[in-house]
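Asks: Have a peek at model-v2.cif (mmCIF, C-alpha atoms and all ligand atoms).
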```cif
data_query
loop_
_atom_site.label_atom_id
_atom_site.label_comp_id
_atom_site.auth_asym_id
_atom_site.auth_seq_id
_atom_site.Cartn_x
_atom_site.Cartn_y
_atom_site.Cartn_z
CA MET A 719 -27.79 2.03 13.64
CA LEU A 720 -27.89 5.70 12.81
CA PHE A 721 -30.53 5.74 10.12
CA GLN A 722 -32.40 2.47 10.42
CA GLY A 723 -36.01 2.95 11.52
CA SER A 724 -35.75 6.73 11.58
CA ILE A 725 -35.84 8.21 8.11
CA ALA A 726 -35.95 4.87 6.30
CA PRO A 727 -38.99 3.93 4.21
CA SER A 728 -40.41 0.66 5.52
CA HIS A 729 -38.74 -1.55 2.90
CA ARG A 730 -35.23 -0.29 3.50
CA ALA A 731 -32.67 -0.20 6.28
CA LEU A 732 -30.58 2.79 5.33
CA VAL A 733 -26.91 2.46 6.14
CA PRO A 734 -24.78 5.50 7.03
CA PHE A 735 -22.27 5.98 4.23
CA VAL A 736 -19.13 8.12 4.47
CA SER A 737 -18.10 9.23 1.00
CA VAL A 738 -14.67 10.54 0.03
CA GLU A 739 -16.09 14.08 0.10
CA ASN A 740 -17.44 13.56 3.60
CA MET A 741 -14.19 11.97 4.83
CA LEU A 742 -12.37 15.07 3.57
CA ALA A 743 -14.89 17.24 5.44
CA LEU A 744 -14.46 15.23 8.64
CA VAL A 745 -10.65 15.47 8.59
CA HIS A 746 -10.85 19.19 7.76
CA ARG A 747 -13.35 20.00 10.53
CA HIS A 748 -11.85 17.74 13.19
CA GLY A 749 -8.23 18.62 12.32
CA ILE A 750 -5.80 16.04 10.99
CA ALA A 751 -3.54 16.11 14.05
CA LEU A 752 -6.49 15.31 16.33
CA CYS A 753 -7.73 12.60 13.91
CA LEU A 754 -4.30 10.96 13.96
CA SER A 755 -3.83 11.12 17.71
CA GLU A 756 -7.35 9.79 18.39
CA LEU A 757 -6.84 6.99 15.86
CA THR A 758 -3.56 6.05 17.52
CA ASP A 759 -5.40 5.74 20.83
CA TYR A 760 -8.22 3.68 19.24
CA VAL A 761 -5.69 1.27 17.69
CA GLU A 762 -3.85 1.03 21.00
CA ALA A 763 -7.10 0.34 22.89
CA ASP A 764 -7.98 -2.49 20.49
CA PHE A 765 -4.43 -3.93 20.57
CA ARG A 766 -4.74 -4.02 24.37
CA ARG A 767 -7.82 -6.27 24.05
CA TRP A 768 -6.20 -8.30 21.27
CA GLU A 769 -7.26 -11.71 22.54
CA LEU A 770 -10.96 -10.85 22.04
CA PHE A 771 -10.59 -10.54 18.28
CA ASP A 772 -11.13 -13.15 15.58
CA LYS A 773 -7.86 -13.15 13.67
CA THR A 774 -6.83 -14.58 10.35
CA PRO A 775 -4.21 -13.62 7.76
CA ARG A 776 -5.96 -11.53 5.13
CA LEU A 777 -7.32 -13.23 2.04
CA ALA A 778 -5.16 -12.12 -0.87
CA SER A 779 -5.75 -12.53 -4.60
CA HIS A 780 -2.43 -11.94 -6.35
CA SER A 781 -1.78 -11.09 -9.98
CA SER A 782 1.51 -10.36 -11.70
CA ILE A 783 1.02 -6.60 -11.13
CA GLY A 784 -0.79 -6.34 -7.83
CA VAL A 785 -3.01 -7.74 -5.14
CA ILE A 786 -6.63 -7.42 -4.00
CA GLU A 787 -7.24 -8.30 -0.37
CA LEU A 788 -10.12 -8.79 2.06
CA MET A 789 -9.40 -8.06 5.72
CA PRO A 790 -12.03 -9.28 8.21
CA THR A 791 -12.13 -9.29 12.02
CA SER A 792 -14.62 -9.16 14.90
CA ASP A 793 -14.53 -8.47 18.63
CA GLY A 794 -17.79 -10.40 19.16
CA THR A 795 -19.93 -7.24 19.15
CA ASP A 796 -18.90 -5.58 15.90
CA TYR A 797 -17.58 -7.11 12.70
CA ALA A 798 -15.47 -5.24 10.15
CA PHE A 799 -13.96 -5.93 6.79
CA LYS A 800 -11.93 -3.89 4.35
CA PHE A 801 -11.45 -4.36 0.62
CA VAL A 802 -8.01 -3.04 -0.37
CA ASN A 803 -5.74 -3.26 -3.38
CA GLY A 804 -2.00 -2.79 -3.86
CA HIS A 805 -0.80 -2.05 -7.39
CA PRO A 806 2.67 -0.42 -7.38
CA SER A 807 2.59 0.30 -11.13
CA ASN A 808 -0.79 2.08 -10.96
CA THR A 809 0.76 5.53 -10.47
CA LYS A 810 2.25 5.30 -13.99
CA ARG A 811 -1.37 5.14 -15.26
CA GLY A 812 -2.53 8.03 -13.07
CA LEU A 813 -4.12 5.62 -10.57
CA GLN A 814 -3.26 5.12 -6.92
CA THR A 815 -1.22 2.22 -5.56
CA VAL A 816 -3.66 1.62 -2.69
CA THR A 817 -7.45 2.18 -2.59
CA ALA A 818 -9.97 0.80 -0.11
CA PHE A 819 -13.50 0.75 1.26
CA GLY A 820 -14.99 -1.07 4.21
CA VAL A 821 -17.93 -1.94 6.42
CA LEU A 822 -18.64 -2.13 10.14
CA ALA A 823 -21.54 -4.48 10.98
CA SER A 824 -23.48 -5.63 14.02
CA VAL A 825 -22.65 -9.18 15.12
CA GLU A 826 -26.12 -9.39 16.71
CA THR A 827 -28.09 -8.83 13.49
CA GLY A 828 -25.42 -9.08 10.79
CA TYR A 829 -26.69 -5.75 9.44
CA PRO A 830 -24.10 -3.18 8.27
CA GLN A 831 -23.77 -0.23 10.67
CA LEU A 832 -21.44 1.92 8.60
CA PHE A 833 -20.09 1.81 5.05
CA SER A 834 -17.11 3.99 4.26
CA GLU A 835 -14.48 5.01 1.81
CA MET A 836 -11.21 3.75 3.28
CA THR A 837 -8.48 5.02 0.97
CA LEU A 838 -8.01 8.12 3.13
CA LEU A 839 -8.94 6.20 6.28
CA THR A 840 -6.26 3.58 5.51
CA ALA A 841 -3.60 6.26 5.13
CA LEU A 842 -4.70 7.73 8.48
CA ARG A 843 -4.78 4.40 10.32
CA THR A 844 -1.48 3.23 8.80
CA ALA A 845 0.16 6.44 9.98
CA ALA A 846 -1.48 6.07 13.39
CA THR A 847 -0.15 2.50 13.67
CA SER A 848 3.42 3.59 12.78
CA ALA A 849 3.10 6.36 15.37
CA LEU A 850 1.88 3.85 17.96
CA ALA A 851 4.86 1.57 17.21
CA THR A 852 7.23 4.55 17.43
CA ARG A 853 5.67 5.81 20.68
CA THR A 854 6.02 2.30 22.12
CA LEU A 855 9.48 1.34 20.83
CA ALA A 856 11.62 4.36 19.87
CA ARG A 857 14.22 5.82 22.19
CA ALA A 858 12.93 8.55 24.49
CA GLY A 859 13.69 11.99 23.08
CA ALA A 860 13.76 10.93 19.41
CA ASP A 861 13.33 14.16 17.45
CA THR A 862 14.39 13.37 13.87
CA ALA A 863 12.89 10.86 11.42
CA ALA A 864 13.86 9.75 7.93
CA ILE A 865 10.99 9.00 5.54
CA VAL A 866 12.11 6.88 2.58
CA GLY A 867 9.37 6.69 -0.07
CA ASN A 868 7.48 9.97 -0.39
CA GLY A 869 4.29 8.75 -2.08
CA ALA A 870 0.64 8.82 -1.02
CA GLN A 871 1.23 7.58 2.54
CA SER A 872 4.14 9.87 3.37
CA GLU A 873 2.44 13.11 4.51
CA PHE A 874 0.17 11.08 6.80
CA GLN A 875 3.17 9.20 8.23
CA ILE A 876 4.98 12.47 8.90
CA LEU A 877 2.01 14.19 10.53
CA ALA A 878 1.33 11.20 12.79
CA LEU A 879 4.96 11.08 13.97
CA ALA A 880 4.74 14.83 14.57
CA SER A 881 1.43 14.89 16.43
CA VAL A 882 1.77 11.62 18.39
CA CYS A 883 5.53 11.38 18.98
CA GLY A 884 6.57 15.05 18.96
CA ILE A 885 9.05 14.56 16.09
CA LYS A 886 9.49 17.82 14.24
CA SER A 887 12.46 17.23 11.94
CA PHE A 888 12.08 15.01 8.85
CA ARG A 889 14.62 13.97 6.23
CA LEU A 890 12.93 12.86 3.01
CA HIS A 891 14.12 10.63 0.20
CA ASP A 892 12.39 9.17 -2.86
CA ILE A 893 13.92 7.85 -6.09
CA ASP A 894 11.52 10.29 -7.76
CA PRO A 895 12.52 13.81 -6.59
CA GLN A 896 9.12 15.09 -7.75
CA ALA A 897 7.47 12.94 -5.04
CA THR A 898 9.66 14.57 -2.38
CA ARG A 899 8.85 18.05 -3.75
CA ARG A 900 5.10 17.32 -3.61
CA CYS A 901 5.34 16.01 -0.06
CA MET A 902 7.28 19.09 1.07
CA ALA A 903 4.89 21.48 -0.68
CA ASN A 904 1.87 19.80 0.95
CA LEU A 905 3.41 20.14 4.41
CA GLU A 906 4.81 23.67 4.16
CA ASP A 907 3.67 26.06 6.90
CA MET A 908 2.97 23.19 9.32
CA GLY A 909 5.86 24.04 11.62
CA LEU A 910 7.98 21.07 10.55
CA SER A 911 11.60 21.02 9.44
CA LEU A 912 11.69 19.11 6.12
CA THR A 913 14.99 18.28 4.40
CA PRO A 914 15.12 16.69 0.93
CA CYS A 915 17.88 14.07 0.62
CA ALA A 916 19.52 12.63 -2.47
CA SER A 917 19.81 9.10 -1.05
CA ALA A 918 18.46 6.87 1.70
CA GLU A 919 21.93 7.05 3.25
CA GLU A 920 21.75 10.84 3.46
CA ALA A 921 18.18 10.69 4.80
CA VAL A 922 19.00 8.43 7.76
CA GLU A 923 21.92 10.65 8.87
CA GLY A 924 21.09 11.95 12.34
CA ALA A 925 17.68 10.24 12.41
CA GLN A 926 16.64 8.11 15.38
CA VAL A 927 13.49 6.90 13.59
CA VAL A 928 13.30 5.64 9.99
CA THR A 929 10.07 4.88 8.14
CA THR A 930 10.24 3.07 4.80
CA CYS A 931 7.06 3.36 2.73
CA THR A 932 8.13 2.51 -0.80
CA ALA A 933 6.11 0.59 -3.38
CA ASP A 934 7.70 -2.05 -5.57
CA LYS A 935 6.49 -5.59 -6.16
CA ARG A 936 9.80 -7.32 -5.47
CA TYR A 937 12.51 -7.92 -2.87
CA GLN A 938 14.05 -4.46 -2.58
CA THR A 939 16.86 -3.22 -0.38
CA ILE A 940 15.70 0.24 0.60
CA LEU A 941 17.93 0.18 3.69
CA THR A 942 21.28 -1.60 3.62
CA ASP A 943 22.76 -2.99 6.80
CA ASN A 944 25.34 -0.19 7.25
CA LEU A 945 22.62 2.50 7.42
CA ILE A 946 21.00 1.35 10.64
CA GLY A 947 22.99 2.15 13.77
CA ALA A 948 22.59 1.37 17.45
CA GLY A 949 19.42 2.66 19.09
CA MET A 950 17.43 3.33 15.92
CA HIS A 951 13.77 2.46 15.45
CA VAL A 952 12.56 1.42 11.99
CA ASN A 953 8.95 1.35 10.75
CA ALA A 954 9.10 -0.85 7.63
CA ILE A 955 5.60 -0.52 6.22
CA GLY A 956 6.05 -0.79 2.43
CA GLY A 957 7.00 -4.49 2.39
CA ASP A 958 3.52 -5.95 2.74
CA CYS A 959 3.16 -8.78 0.22
CA PRO A 960 4.90 -12.07 -0.58
CA GLY A 961 8.01 -11.21 -2.60
CA LYS A 962 7.87 -7.49 -1.57
CA THR A 963 10.32 -6.40 1.13
CA GLU A 964 12.38 -3.30 2.00
CA LEU A 965 15.06 -4.12 4.59
CA HIS A 966 18.31 -5.97 4.08
CA ARG A 967 18.07 -9.28 5.92
CA ASP A 968 21.12 -8.44 8.04
CA ILE A 969 19.27 -5.50 9.62
CA LEU A 970 16.58 -7.92 10.76
CA LEU A 971 19.18 -10.28 12.19
CA ARG A 972 20.59 -7.47 14.41
CA SER A 973 17.19 -6.15 15.51
CA ASP A 974 14.36 -6.91 17.87
CA ILE A 975 11.38 -7.32 15.57
CA PHE A 976 7.79 -6.36 16.38
CA THR A 977 4.77 -7.41 14.35
CA GLU A 978 1.00 -6.94 14.29
CA TYR A 979 -0.32 -10.49 13.71
CA THR A 980 2.67 -12.77 13.18
CA PRO A 981 1.00 -15.46 10.99
CA GLN A 982 0.16 -12.73 8.44
CA THR A 983 3.53 -10.96 8.78
CA ARG A 984 5.44 -14.21 8.16
CA ILE A 985 3.69 -14.34 4.76
CA GLU A 986 3.81 -10.64 3.87
CA GLY A 987 6.33 -8.75 5.96
CA ASP A 988 10.08 -8.22 5.83
CA ILE A 989 10.43 -11.28 8.07
CA GLN A 990 9.50 -13.49 5.09
CA GLN A 991 13.29 -13.33 4.55
CA LEU A 992 13.93 -15.10 7.90
CA ASP A 993 13.48 -18.63 9.17
CA GLU A 994 9.90 -19.41 10.17
CA ASP A 995 10.84 -19.77 13.83
CA HIS A 996 12.89 -16.55 14.06
CA PRO A 997 11.66 -14.91 17.28
CA VAL A 998 9.43 -11.85 16.97
CA THR A 999 7.13 -10.07 19.41
CA GLU A 1000 3.59 -8.95 18.62
CA ILE A 1001 3.19 -5.32 19.56
CA TRP A 1002 0.02 -5.93 21.57
CA GLN A 1003 2.15 -8.03 23.92
CA VAL A 1004 4.32 -5.01 24.68
CA LEU A 1005 1.28 -2.74 25.13
CA SER A 1006 -0.38 -5.20 27.52
CA GLY A 1007 2.84 -5.74 29.51
CA ALA A 1008 3.14 -9.41 28.46
CA ALA A 1009 6.47 -8.79 26.68
CA LYS A 1010 9.28 -6.28 26.76
CA GLY A 1011 9.70 -3.61 24.10
CA ARG A 1012 12.86 -1.49 24.08
CA THR A 1013 15.12 -2.48 26.93
CA ASP A 1014 18.16 -0.27 26.24
CA ASP A 1015 19.26 2.74 24.23
CA ARG A 1016 21.50 0.74 21.87
CA GLN A 1017 18.91 -1.82 20.82
CA ILE A 1018 17.60 -1.61 17.24
CA THR A 1019 13.83 -2.05 17.04
CA VAL A 1020 12.00 -2.85 13.79
CA PHE A 1021 8.24 -2.58 13.43
CA ASP A 1022 7.52 -4.89 10.47
CA GLY A 1023 4.12 -3.32 9.66
CA VAL A 1024 1.97 -4.93 6.99
CA GLY A 1025 -1.42 -3.58 8.07
CA PHE A 1026 -3.79 -5.82 10.00
CA ALA A 1027 -7.59 -6.03 10.08
CA VAL A 1028 -7.82 -4.92 13.74
CA GLU A 1029 -6.40 -1.50 12.72
CA ASP A 1030 -9.20 -1.09 10.17
CA PHE A 1031 -11.72 -2.20 12.78
CA SER A 1032 -10.33 0.49 15.12
CA ALA A 1033 -10.50 3.08 12.33
CA LEU A 1034 -14.14 2.25 11.53
CA ARG A 1035 -15.00 2.29 15.24
CA TRP A 1036 -13.40 5.75 15.49
CA LEU A 1037 -15.29 6.89 12.41
CA ARG A 1038 -18.62 5.66 13.82
CA ASP A 1039 -17.96 7.73 16.95
CA ARG A 1040 -17.17 10.85 14.87
CA VAL A 1041 -19.77 10.84 12.06
CA GLY A 1042 -22.49 12.20 14.35
CA ASP A 1043 -20.30 15.07 15.66
CA HIS A 1044 -19.64 16.34 12.17
CA ASN A 1045 -22.75 15.22 10.27
CA VAL A 1046 -20.64 13.47 7.64
CA ALA A 1047 -22.73 10.41 6.79
CA GLU A 1048 -25.44 10.10 4.17
CA PRO A 1049 -28.10 7.36 4.13
CA LEU A 1050 -27.36 4.59 1.66
CA ASP A 1051 -30.10 2.33 0.32
CA LEU A 1052 -27.94 -0.79 0.66
CA ILE A 1053 -30.04 -3.42 2.42
CA ALA A 1054 -33.35 -4.80 1.14
CA ASP A 1055 -35.44 -5.04 4.31
CA PRO A 1056 -39.16 -5.85 3.69
CA ASP A 1057 -41.72 -5.33 6.50
CA ASP A 1058 -42.42 -9.06 6.40
CA PRO A 1059 -38.86 -10.40 6.50
CA ARG A 1060 -39.82 -13.53 4.54
CA ASP A 1061 -41.58 -11.61 1.79
CA LEU A 1062 -38.51 -10.56 -0.18
CA PHE A 1063 -40.25 -11.40 -3.47
CA GLY A 1064 -43.18 -9.16 -2.50
CA MET A 1065 -40.82 -6.18 -2.80
CA LEU A 1066 -40.55 -6.94 -6.52
CA LYS A 1067 -44.35 -7.20 -6.90
CA ARG A 1068 -44.94 -3.92 -5.02
CA TYR A 1069 -42.26 -2.24 -7.14
CA ALA A 1070 -43.93 -3.50 -10.33
CA GLY A 1071 -47.26 -2.13 -9.02
CA ARG A 1072 -45.68 1.33 -8.42
CA ALA A 1073 -43.77 1.41 -11.72
P1 LIG B 1 2.96 5.25 -3.71
O1 LIG B 1 3.10 4.48 -4.95
O2 LIG B 1 2.05 6.43 -3.69
O3 LIG B 1 4.39 5.76 -3.21
C1 LIG B 1 5.52 4.93 -3.16
C2 LIG B 1 6.76 5.79 -3.36
O4 LIG B 1 7.90 4.96 -3.19
C3 LIG B 1 6.85 6.42 -4.75
O5 LIG B 1 6.94 7.83 -4.64
C4 LIG B 1 8.12 5.79 -5.33
O6 LIG B 1 8.83 6.67 -6.18
C5 LIG B 1 8.90 5.46 -4.07
N1 LIG B 1 9.92 4.44 -4.24
C6 LIG B 1 9.86 3.27 -4.93
N2 LIG B 1 11.03 2.62 -4.85
C7 LIG B 1 11.85 3.39 -4.10
C8 LIG B 1 13.20 3.27 -3.66
N3 LIG B 1 13.94 2.21 -4.02
N4 LIG B 1 13.72 4.24 -2.87
C9 LIG B 1 12.98 5.32 -2.52
N5 LIG B 1 11.71 5.51 -2.93
C10 LIG B 1 11.15 4.55 -3.69
O7 LIG B 1 2.51 4.20 -2.59
P2 LIG B 1 1.89 4.51 -1.14
O8 LIG B 1 0.40 4.51 -1.19
O9 LIG B 1 2.60 5.66 -0.51
O10 LIG B 1 2.30 3.17 -0.39
C11 LIG B 1 3.65 2.91 -0.09
C12 LIG B 1 3.80 1.46 0.32
O11 LIG B 1 3.14 1.26 1.57
C13 LIG B 1 3.17 0.48 -0.66
O12 LIG B 1 4.04 -0.60 -0.83
C14 LIG B 1 1.89 0.03 0.03
O13 LIG B 1 1.53 -1.27 -0.34
C15 LIG B 1 2.33 0.11 1.48
N6 LIG B 1 1.24 0.29 2.43
C16 LIG B 1 1.35 -0.38 3.59
C17 LIG B 1 0.36 -0.25 4.54
C18 LIG B 1 0.49 -0.95 5.84
O14 LIG B 1 -0.47 -1.00 6.61
N7 LIG B 1 1.64 -1.50 6.18
C19 LIG B 1 -0.76 0.58 4.31
C20 LIG B 1 -0.82 1.29 3.11
C21 LIG B 1 0.20 1.14 2.17
#
```
Before anything else, please render the file you have as structure tokens.
Replies:
Amino acid sequence: MLFQGSIAPSHRALVPFVSVENMLALVHRHGIALCLSELTDYVEADFRRWELFDKTPRLASHSSIGVIELMPTSDGTDYAFKFVNGHPSNTKRGLQTVTAFGVLASVETGYPQLFSEMTLLTALRTAATSALATRTLARAGADTAAIVGNGAQSEFQILALASVCGIKSFRLHDIDPQATRRCMANLEDMGLSLTPCASAEEAVEGAQVVTTCTADKRYQTILTDNLIGAGMHVNAIGGDCPGKTELHRDILLRSDIFTEYTPQTRIEGDIQQLDEDHPVTEIWQVLSGAAKGRTDDRQITVFDGVGFAVEDFSALRWLRDRVGDHNVAEPLDLIADPDDPRDLFGMLKRYAGRA
């Protein structure tokens, strides 16, 4: 642990904490393209050792307007969890749809090793995961992507496809043209070709890769069947809750579908529209060589991404490796840790004596 036993007073085990401000500093100093490409490699490395991980569908608490979820996993050495919400109507109140924080802990002691903001880190890891799926499944030479839904995730998605997959041309559509304008303004001068489009149909014209990242708590049809032609790769990442999907069912029926952790995706992903035994392939199987990915140029591949705990584990592992390089953690007095481990009450008495 970075701080424990070094600068900690004897009654505390200080936990490195990465605040929003420090996450911004890290991404600025390290460079977002490098962050995204390293994160993609960390997620890939953990997907390749998939069978080591404890896996369970995330624990979701639904309300009529949103969801709060806990996402735990462990590889036997480290344990991670993320707290994340999804509230599509939040933006109308000036709040974000998705916010998150999380912890990486030692399996050996159970003590937290790192506590971090994860709203930005989730956007980075979600983009890295889409880029990994695209690198693994899209046709070689894909150079144009459509991004449908230009909200908080969209710039990250675009930059990951650019830095990891070499895609430089993006066609953007959102039902709110202001969202598209913001996205384009944020990415100007980054060497990308960005084209605003009046409809999803116009956006997918000439694109070999399509990413849907819309937010709506219902069965939506962001892409109709006629929009997806032979050879395309789709990252459908906005349909991530029961009753919240983006693709017309007929697209799924014509596609080879790739998931993160299928038991969770059957509950939350676009495949909730299909029979429970409809065949899908987990993407780790392709990465490890246990299953085939794209087998020909006409095949349609769909990555039904809902976000899985292993990706957050990878992101926290990456962050732990980077905090030291950039001095972006501050010590957090999170864990009561008396010198005599059984004398927890004594801490109160000593405090009363000092007060
Ligand atoms: P956001 O609210 O910031 O942006 C969503 C955008 O979608 C908005 O600009 C909205 O106008 C647009 N939109 C809604 N309906 C549309 C439609 N029919 N056509 C085109 N655009 C439409 O949300 P965000 O933070 O960017 O997240 C987007 C989605 O991604 C959410 O559903 C969120 O739950 C999901 N998400 C998934 C993962 C994952 O790992 N798979 C991770 C983070 C977020």
Asks: Using only C-alpha atoms and all ligand atoms, what are the residues with an atom within 7 Å of ligand LIG 1 (chain B), set out as a ChimeraX atom specification?
Replies: /A:804,806,809,814-816,840-841,844,866-872,891-894,897,931-934,938,940,955-958,1023-1026
Asks: Could you give me, as number ranges by chain, the residues within 10 Å of A:Thr999, counting all atoms listed in the file and dropping anything in the same chain fewer than 3 positions from it?
Replies: A: 974-980, 1002-1004, 1008-1011, 1021
Asks: Which residue gives the smallest distance to A:Asp796 among A:Ala778, A:Met1065, A:Ala856, A:Leu1034, with all atoms listed in the file counted?
Replies: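 For A:Asp796, the nearest of the candidates is A:Leu1034.
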Asks: May I have the centre and edge lengths, in Å to one decimal, of an axis-aligned box around the listed atoms of stretch 1031-1034 of chain A with 6 Å added to every side, as AutoDock Vina command-line options?
Replies:
```
--center_x -12.2 --center_y 0.4 --center_z 13.3 --size_x 15.8 --size_y 17.3 --size_z 15.6
```
Asks: Using only C-alpha atoms, can you tell me which of A:Arg889, A:His748, A:Arg984, A:Lys935 comes closest to A:Ile876?
Replies: A:Arg889
Asks: Could you state the separation of atom CA of A:Met836 and atom CA of A:Trp768 in Å, given to one decimal place?
Replies: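 Atom-to-atom, atom CA of A:Met836 to atom CA of A:Trp768, that is 22.2 Å.
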Asks: Can you list, as a PyMOL selection string, every protein, DNA or RNA residue that comes within 7 Å of A:Thr1019 when you count all atoms listed in the file, leaving out same-chain residues fewer than 3 positions away?
Replies: chain A and resi 855+950-952+973-975
Asks: Got a sec: who's within 10 Å of A:Pro895, counting all atoms listed in the file, leaving out chain neighbours fewer than 6 positions off, as an NGL selection string?
Replies: :A and (868 or 901 or 914-916)
Asks: Excluding stretch 860-865 of chain A and residues on its chain fewer than 5 positions from it, collect all residues at most 8 Å away from it, counting all atoms listed in the file, and give them as number ranges by chain.
Replies: A: 872, 876, 884-891, 921-922, 924-931
Asks: Could you jot down the atom CA of A:Phe801 to atom CA of A:Gly820 separation for me, Å, one decimal place?
Replies: 6.0 Å
Asks: Interatomic distance between atom CA of A:Asp1039 and atom CA of A:Leu744?
Replies: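 Between these atoms lies a distance of 11.7 Å.
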Asks: Of the residues A:Ala948, A:Thr758, A:Ala1054, A:Arg900, which is the one nearest to A:Leu732, using only C-alpha atoms?
Replies: A:Ala1054
Asks: What's around A:Val1041 at 10 Å? Count all atoms listed in the file, leave out sequence neighbours fewer than 4 positions away in its own chain, and write the answer as a VMD selection string.
Replies: chain A and resid 720 734 to 736 740 to 741 744 832 1036 to 1037 1045 to 1048
Asks: For A:Ala880, which residue out of A:Ser755, A:Phe771, A:Ala818, A:Asp968 is the nearest one, using only C-alpha atoms?
Replies: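 Nearest candidate to A:Ala880 out of A:Ser755, A:Phe771, A:Ala818, A:Asp968: A:Ser755.
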Asks: Find the residue from A:Asp1030, A:Glu873, A:Glu762, A:Asp1051 that sits nearest to A:Leu850; use only C-alpha atoms when measuring.
Replies: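 Ranked by minimum distance to A:Leu850, first place goes to A:Glu762.
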Asks: Assuming the input is short of atoms at stretch 775-788 of chain A, produce N, CA, C and O atoms for that part as a PDB file, in the coordinates of the input.
Replies:
```
ATOM      1  N   PRO A 775      -4.932 -14.380   8.792  1.00  0.00           N
ATOM      2  CA  PRO A 775      -4.210 -13.620   7.760  1.00  0.00           C
ATOM      3  C   PRO A 775      -5.198 -13.188   6.684  1.00  0.00           C
ATOM      4  O   PRO A 775      -6.154 -13.897   6.395  1.00  0.00           O
ATOM      5  N   ARG A 776      -4.973 -11.993   6.101  1.00  0.00           N
ATOM      6  CA  ARG A 776      -5.960 -11.530   5.130  1.00  0.00           C
ATOM      7  C   ARG A 776      -5.979 -12.430   3.900  1.00  0.00           C
ATOM      8  O   ARG A 776      -4.989 -13.097   3.580  1.00  0.00           O
ATOM      9  N   LEU A 777      -7.121 -12.401   3.232  1.00  0.00           N
ATOM     10  CA  LEU A 777      -7.320 -13.230   2.040  1.00  0.00           C
ATOM     11  C   LEU A 777      -6.850 -12.431   0.841  1.00  0.00           C
ATOM     12  O   LEU A 777      -7.438 -11.396   0.516  1.00  0.00           O
ATOM     13  N   ALA A 778      -5.781 -12.913   0.191  1.00  0.00           N
ATOM     14  CA  ALA A 778      -5.160 -12.120  -0.870  1.00  0.00           C
ATOM     15  C   ALA A 778      -5.319 -12.811  -2.215  1.00  0.00           C
ATOM     16  O   ALA A 778      -5.119 -14.021  -2.331  1.00  0.00           O
ATOM     17  N   SER A 779      -5.682 -12.027  -3.224  1.00  0.00           N
ATOM     18  CA  SER A 779      -5.750 -12.530  -4.600  1.00  0.00           C
ATOM     19  C   SER A 779      -4.657 -11.817  -5.390  1.00  0.00           C
ATOM     20  O   SER A 779      -4.778 -10.622  -5.684  1.00  0.00           O
ATOM     21  N   HIS A 780      -3.590 -12.557  -5.696  1.00  0.00           N
ATOM     22  CA  HIS A 780      -2.430 -11.940  -6.350  1.00  0.00           C
ATOM     23  C   HIS A 780      -2.514 -12.042  -7.866  1.00  0.00           C
ATOM     24  O   HIS A 780      -3.007 -13.030  -8.409  1.00  0.00           O
ATOM     25  N   SER A 781      -2.011 -11.006  -8.540  1.00  0.00           N
ATOM     26  CA  SER A 781      -1.780 -11.090  -9.980  1.00  0.00           C
ATOM     27  C   SER A 781      -0.332 -10.682 -10.201  1.00  0.00           C
ATOM     28  O   SER A 781       0.368 -10.316  -9.253  1.00  0.00           O
ATOM     29  N   SER A 782       0.101 -10.686 -11.461  1.00  0.00           N
ATOM     30  CA  SER A 782       1.510 -10.360 -11.700  1.00  0.00           C
ATOM     31  C   SER A 782       1.796  -8.883 -11.381  1.00  0.00           C
ATOM     32  O   SER A 782       2.934  -8.503 -11.155  1.00  0.00           O
ATOM     33  N   ILE A 783       0.765  -8.035 -11.340  1.00  0.00           N
ATOM     34  CA  ILE A 783       1.020  -6.600 -11.130  1.00  0.00           C
ATOM     35  C   ILE A 783       0.451  -6.060  -9.815  1.00  0.00           C
ATOM     36  O   ILE A 783       0.639  -4.884  -9.507  1.00  0.00           O
ATOM     37  N   GLY A 784      -0.237  -6.889  -9.063  1.00  0.00           N
ATOM     38  CA  GLY A 784      -0.790  -6.340  -7.830  1.00  0.00           C
ATOM     39  C   GLY A 784      -1.530  -7.372  -7.017  1.00  0.00           C
ATOM     40  O   GLY A 784      -1.420  -8.575  -7.240  1.00  0.00           O
ATOM     41  N   VAL A 785      -2.287  -6.858  -6.034  1.00  0.00           N
ATOM     42  CA  VAL A 785      -3.010  -7.740  -5.140  1.00  0.00           C
ATOM     43  C   VAL A 785      -4.328  -7.074  -4.742  1.00  0.00           C
ATOM     44  O   VAL A 785      -4.403  -5.844  -4.652  1.00  0.00           O
ATOM     45  N   ILE A 786      -5.375  -7.892  -4.575  1.00  0.00           N
ATOM     46  CA  ILE A 786      -6.630  -7.420  -4.000  1.00  0.00           C
ATOM     47  C   ILE A 786      -6.873  -8.267  -2.760  1.00  0.00           C
ATOM     48  O   ILE A 786      -6.760  -9.498  -2.805  1.00  0.00           O
ATOM     49  N   GLU A 787      -7.181  -7.579  -1.637  1.00  0.00           N
ATOM     50  CA  GLU A 787      -7.240  -8.300  -0.370  1.00  0.00           C
ATOM     51  C   GLU A 787      -8.536  -7.988   0.377  1.00  0.00           C
ATOM     52  O   GLU A 787      -9.055  -6.871   0.303  1.00  0.00           O
ATOM     53  N   LEU A 788      -9.008  -8.984   1.131  1.00  0.00           N
ATOM     54  CA  LEU A 788     -10.120  -8.790   2.060  1.00  0.00           C
ATOM     55  C   LEU A 788      -9.591  -8.980   3.467  1.00  0.00           C
ATOM     56  O   LEU A 788      -8.860  -9.946   3.740  1.00  0.00           O
TER      57      LEU A 788
END
```
